[in-house]
Every structure is written in C-alpha cells, then in structure tokens.
Amino acid sequence: MSRIGLKPIVIPAGVEVSVNGENTVTVKGPNGTLTQDVCKDITVTVDGSEVKVSRPSDDKEHRALHGLTRALLHNMVEGVANGYSKQLDINGVGYRAQVQGKQLVMNLGYSHNVVFDEPEGIKFETPNTN
C-alpha cells in the first residue's frame, strides 16, 4: 500500500487545481501555471481544498504510478504557491560564496574561483553567517 499516494494534497489559498476529462491536471497560483498529464488509470479528484489520488488496483504498475502522481502534483502545488528553492551548505576552511552583481562567485579550493551567471528567474542569496 502506498503511504505517499494515500496522503491528500492540501490546496493553499490563492491556488486553483483543475482536472479535465483527459486526465490533465492544471495548477494555477501566484507564481505561474503548471500542467501535468496523468495516466488514464489513475484517478485525480479535487474535493474542496484537497486533491486526492487513487488507483484502480494493487498491481505493481498502479502502485508505482499512485505515489509518483501524488508526488508530482504536490510539487506542482508547492511550486506555484511558494516557488522552488535550493539551499546549499559550504563546509570547509577557506570555502566561501558571495554575490557580486548578477554573479555568484565561489571559492571552493580550486586554483581559480567558480563563477555562475544568474539565469533569468533565479535569484542568488548568500546570507552572512559569522
């Protein structure tokens, strides 16, 4: 039994989830719109402020798709509501990162600095942790 697939997805305020007849899920929120085609065997229902995912049988394929579908839909809701972020920890003596204009400059022990240009839609932050 899928533990992940059985959990309902809570829809936060400001987010809309809709399912059309072809099993395409559309999630709209303050950070944009995402769509995902779902396997025809998996049932997605919007019940008030929750999204529920169910499967027709306990076949191995259905069990795998059940959890996968629920995880994908949860990530879609999270993405349009709060956006995505990745936090990196830099450990080591002399290792550091800093933002210079629109570039992330990292000193990671190489003979030269590693420099990344900030892509459109992505924001670099380096909090000061003394």
# chains A, B, ... in the order shown; residues from 1 in each chain; ligands from 1
>>> residues_around(residues="Val80 of chain A", least_positions_apart="6", cutoff="8 Å", atoms="only C-alpha atoms", output="PyMOL selection string")
chain A and resi 15+27-34
>>> select_by_dssp(residues="chain A", states="helix (DSSP H, G or I)", output="ChimeraX atom specification")
/A:3-6,60-82
>>> write_last_selection(atoms="N, CA and C atoms", output="PDB file, in the first residue's frame")
ATOM      1  N   ARG A   3       2.059   4.665   0.942  1.00  0.00           N
ATOM      2  CA  ARG A   3       1.837   5.627   2.023  1.00  0.00           C
ATOM      3  C   ARG A   3       1.806   7.041   1.480  1.00  0.00           C
ATOM      4  N   ILE A   4       2.613   7.308   0.471  1.00  0.00           N
ATOM      5  CA  ILE A   4       2.642   8.654  -0.097  1.00  0.00           C
ATOM      6  C   ILE A   4       1.380   8.911  -0.909  1.00  0.00           C
ATOM      7  N   GLY A   5       0.957   7.950  -1.697  1.00  0.00           N
ATOM      8  CA  GLY A   5      -0.200   8.130  -2.561  1.00  0.00           C
ATOM      9  C   GLY A   5      -1.496   8.342  -1.808  1.00  0.00           C
ATOM     10  N   LEU A   6      -1.583   7.827  -0.591  1.00  0.00           N
ATOM     11  CA  LEU A   6      -2.818   7.957   0.180  1.00  0.00           C
ATOM     12  C   LEU A   6      -2.991   9.316   0.836  1.00  0.00           C
ATOM     13  N   LYS A  60       1.488  -3.824  -9.528  1.00  0.00           N
ATOM     14  CA  LYS A  60       2.760  -3.151  -9.278  1.00  0.00           C
ATOM     15  C   LYS A  60       2.832  -1.813 -10.010  1.00  0.00           C
ATOM     16  N   GLU A  61       2.391  -1.783 -11.261  1.00  0.00           N
ATOM     17  CA  GLU A  61       2.427  -0.549 -12.041  1.00  0.00           C
ATOM     18  C   GLU A  61       1.518   0.517 -11.441  1.00  0.00           C
ATOM     19  N   HIS A  62       0.318   0.132 -11.021  1.00  0.00           N
ATOM     20  CA  HIS A  62      -0.620   1.087 -10.429  1.00  0.00           C
ATOM     21  C   HIS A  62      -0.097   1.622  -9.102  1.00  0.00           C
ATOM     22  N   ARG A  63       0.542   0.775  -8.314  1.00  0.00           N
ATOM     23  CA  ARG A  63       1.096   1.229  -7.035  1.00  0.00           C
ATOM     24  C   ARG A  63       2.207   2.257  -7.275  1.00  0.00           C
ATOM     25  N   ALA A  64       3.054   1.985  -8.266  1.00  0.00           N
ATOM     26  CA  ALA A  64       4.142   2.914  -8.576  1.00  0.00           C
ATOM     27  C   ALA A  64       3.604   4.242  -9.096  1.00  0.00           C
ATOM     28  N   LEU A  65       2.646   4.195  -9.993  1.00  0.00           N
ATOM     29  CA  LEU A  65       2.065   5.419 -10.552  1.00  0.00           C
ATOM     30  C   LEU A  65       1.288   6.217  -9.505  1.00  0.00           C
ATOM     31  N   HIS A  66       0.707   5.535  -8.540  1.00  0.00           N
ATOM     32  CA  HIS A  66      -0.075   6.191  -7.490  1.00  0.00           C
ATOM     33  C   HIS A  66       0.802   7.157  -6.698  1.00  0.00           C
ATOM     34  N   GLY A  67       1.909   6.667  -6.177  1.00  0.00           N
ATOM     35  CA  GLY A  67       2.805   7.513  -5.398  1.00  0.00           C
ATOM     36  C   GLY A  67       3.481   8.574  -6.247  1.00  0.00           C
ATOM     37  N   LEU A  68       3.884   8.202  -7.462  1.00  0.00           N
ATOM     38  CA  LEU A  68       4.540   9.151  -8.353  1.00  0.00           C
ATOM     39  C   LEU A  68       3.608  10.306  -8.694  1.00  0.00           C
ATOM     40  N   THR A  69       2.371   9.998  -9.042  1.00  0.00           N
ATOM     41  CA  THR A  69       1.408  11.036  -9.413  1.00  0.00           C
ATOM     42  C   THR A  69       1.152  11.986  -8.265  1.00  0.00           C
ATOM     43  N   ARG A  70       0.977  11.435  -7.069  1.00  0.00           N
ATOM     44  CA  ARG A  70       0.727  12.269  -5.893  1.00  0.00           C
ATOM     45  C   ARG A  70       1.930  13.177  -5.629  1.00  0.00           C
ATOM     46  N   ALA A  71       3.145  12.653  -5.740  1.00  0.00           N
ATOM     47  CA  ALA A  71       4.345  13.452  -5.501  1.00  0.00           C
ATOM     48  C   ALA A  71       4.483  14.566  -6.543  1.00  0.00           C
ATOM     49  N   LEU A  72       4.224  14.256  -7.813  1.00  0.00           N
ATOM     50  CA  LEU A  72       4.314  15.274  -8.862  1.00  0.00           C
ATOM     51  C   LEU A  72       3.296  16.394  -8.639  1.00  0.00           C
ATOM     52  N   LEU A  73       2.054  16.021  -8.285  1.00  0.00           N
ATOM     53  CA  LEU A  73       1.020  17.025  -8.069  1.00  0.00           C
ATOM     54  C   LEU A  73       1.325  17.882  -6.839  1.00  0.00           C
ATOM     55  N   HIS A  74       1.840  17.262  -5.786  1.00  0.00           N
ATOM     56  CA  HIS A  74       2.209  18.018  -4.585  1.00  0.00           C
ATOM     57  C   HIS A  74       3.310  19.025  -4.912  1.00  0.00           C
ATOM     58  N   ASN A  75       4.298  18.617  -5.697  1.00  0.00           N
ATOM     59  CA  ASN A  75       5.378  19.526  -6.078  1.00  0.00           C
ATOM     60  C   ASN A  75       4.865  20.662  -6.958  1.00  0.00           C
ATOM     61  N   MET A  76       3.866  20.381  -7.800  1.00  0.00           N
ATOM     62  CA  MET A  76       3.275  21.430  -8.625  1.00  0.00           C
ATOM     63  C   MET A  76       2.578  22.470  -7.753  1.00  0.00           C
ATOM     64  N   VAL A  77       1.794  22.014  -6.787  1.00  0.00           N
ATOM     65  CA  VAL A  77       1.088  22.928  -5.882  1.00  0.00           C
ATOM     66  C   VAL A  77       2.100  23.749  -5.086  1.00  0.00           C
ATOM     67  N   GLU A  78       3.129  23.109  -4.585  1.00  0.00           N
ATOM     68  CA  GLU A  78       4.171  23.811  -3.821  1.00  0.00           C
ATOM     69  C   GLU A  78       4.883  24.843  -4.692  1.00  0.00           C
ATOM     70  N   GLY A  79       5.149  24.505  -5.941  1.00  0.00           N
ATOM     71  CA  GLY A  79       5.862  25.402  -6.841  1.00  0.00           C
ATOM     72  C   GLY A  79       5.084  26.650  -7.190  1.00  0.00           C
ATOM     73  N   VAL A  80       3.787  26.520  -7.473  1.00  0.00           N
ATOM     74  CA  VAL A  80       3.011  27.712  -7.836  1.00  0.00           C
ATOM     75  C   VAL A  80       2.644  28.537  -6.607  1.00  0.00           C
ATOM     76  N   ALA A  81       2.652  27.937  -5.427  1.00  0.00           N
ATOM     77  CA  ALA A  81       2.317  28.666  -4.213  1.00  0.00           C
ATOM     78  C   ALA A  81       3.541  29.381  -3.632  1.00  0.00           C
ATOM     79  N   ASN A  82       4.637  28.666  -3.449  1.00  0.00           N
ATOM     80  CA  ASN A  82       5.806  29.214  -2.753  1.00  0.00           C
ATOM     81  C   ASN A  82       7.041  29.357  -3.628  1.00  0.00           C
TER      82      ASN A  82
END
>>> atom_distance(atom1="atom CA of Val93 of chain A", atom2="atom CA of Ser111 of chain A")
15.1 Å
>>> atom_distance(atom1="atom CA of Gln36 of chain A", atom2="atom CA of Pro119 of chain A")
24.7 Å
>>> atom_distance(atom1="atom CA of Pro12 of chain A", atom2="atom CA of Gly48 of chain A")
11.1 Å
>>> select_by_dssp(residues="chain A", states="strand (DSSP E or B)", output="ChimeraX atom specification")
/A:9-10,16-19,24-29,32-37,43-47,50-54,96-100,103-107,114-117
>>> residues_around(residues="segment 121-128 of chain A", least_positions_apart="6", cutoff="7 Å", atoms="only C-alpha atoms", output="list in words")
Ala97, Gln98, Val99 and Leu104 of chain A
>>> residues_around(residues="Val44 of chain A", least_positions_apart="5", cutoff="10 Å", atoms="only C-alpha atoms", output="PyMOL selection string")
chain A and resi 18-20+23-25+38-39+51-55+66+69-70+73
>>> write_last_selection(atoms="N, CA, C and O atoms", output="compact mmCIF listing (two decimals), in the first residue's frame")
# COMPACT_ATOMS: atom_id res chain seq x y z
N SER A 18 -7.40 22.12 -11.24
CA SER A 18 -8.50 21.61 -12.05
C SER A 18 -8.04 20.39 -12.82
O SER A 18 -6.87 20.27 -13.20
N VAL A 19 -8.99 19.47 -13.04
CA VAL A 19 -8.71 18.24 -13.79
C VAL A 19 -9.71 18.19 -14.94
O VAL A 19 -10.92 18.28 -14.72
N ASN A 20 -9.20 18.05 -16.18
CA ASN A 20 -10.13 17.95 -17.30
C ASN A 20 -10.43 16.48 -17.60
O ASN A 20 -9.90 15.58 -16.97
N ASN A 23 -7.70 13.68 -18.16
CA ASN A 23 -6.80 13.45 -17.03
C ASN A 23 -5.56 14.35 -17.08
O ASN A 23 -4.46 13.94 -16.74
N THR A 24 -5.78 15.60 -17.47
CA THR A 24 -4.73 16.60 -17.42
C THR A 24 -5.01 17.51 -16.23
O THR A 24 -6.09 18.08 -16.13
N VAL A 25 -4.05 17.62 -15.33
CA VAL A 25 -4.19 18.44 -14.13
C VAL A 25 -3.52 19.77 -14.38
O VAL A 25 -2.37 19.84 -14.82
N VAL A 38 -1.78 12.93 -16.56
CA VAL A 38 -1.76 11.83 -15.62
C VAL A 38 -2.20 10.57 -16.35
O VAL A 38 -3.05 10.62 -17.25
N CYS A 39 -1.63 9.43 -15.97
CA CYS A 39 -2.01 8.14 -16.56
C CYS A 39 -3.52 7.96 -16.47
O CYS A 39 -4.14 8.29 -15.45
N VAL A 51 -6.72 17.66 -2.85
CA VAL A 51 -6.63 16.85 -4.06
C VAL A 51 -6.34 15.43 -3.61
O VAL A 51 -5.45 15.20 -2.80
N LYS A 52 -7.11 14.48 -4.13
CA LYS A 52 -6.93 13.08 -3.76
C LYS A 52 -6.59 12.28 -5.02
O LYS A 52 -7.17 12.48 -6.07
N VAL A 53 -5.65 11.35 -4.86
CA VAL A 53 -5.20 10.50 -5.95
C VAL A 53 -5.53 9.06 -5.56
O VAL A 53 -5.24 8.63 -4.45
N SER A 54 -6.15 8.32 -6.49
CA SER A 54 -6.49 6.93 -6.19
C SER A 54 -6.14 6.06 -7.39
O SER A 54 -6.00 6.53 -8.51
N ARG A 55 -6.02 4.75 -7.12
CA ARG A 55 -5.64 3.79 -8.16
C ARG A 55 -6.71 2.71 -8.24
O ARG A 55 -7.39 2.42 -7.26
N HIS A 66 0.71 5.54 -8.54
CA HIS A 66 -0.07 6.19 -7.49
C HIS A 66 0.80 7.16 -6.70
O HIS A 66 0.49 8.34 -6.56
N THR A 69 2.37 10.00 -9.04
CA THR A 69 1.41 11.04 -9.41
C THR A 69 1.15 11.99 -8.26
O THR A 69 1.14 13.20 -8.43
N ARG A 70 0.98 11.44 -7.07
CA ARG A 70 0.73 12.27 -5.89
C ARG A 70 1.93 13.18 -5.63
O ARG A 70 1.78 14.36 -5.34
N LEU A 73 2.05 16.02 -8.29
CA LEU A 73 1.02 17.02 -8.07
C LEU A 73 1.33 17.88 -6.84
O LEU A 73 1.11 19.10 -6.84
>>> closest_residue(among="A:Gly21, A:Val105, A:Val10, A:Thr26", to="Thr43 of chain A", atoms="only C-alpha atoms")
A:Gly21
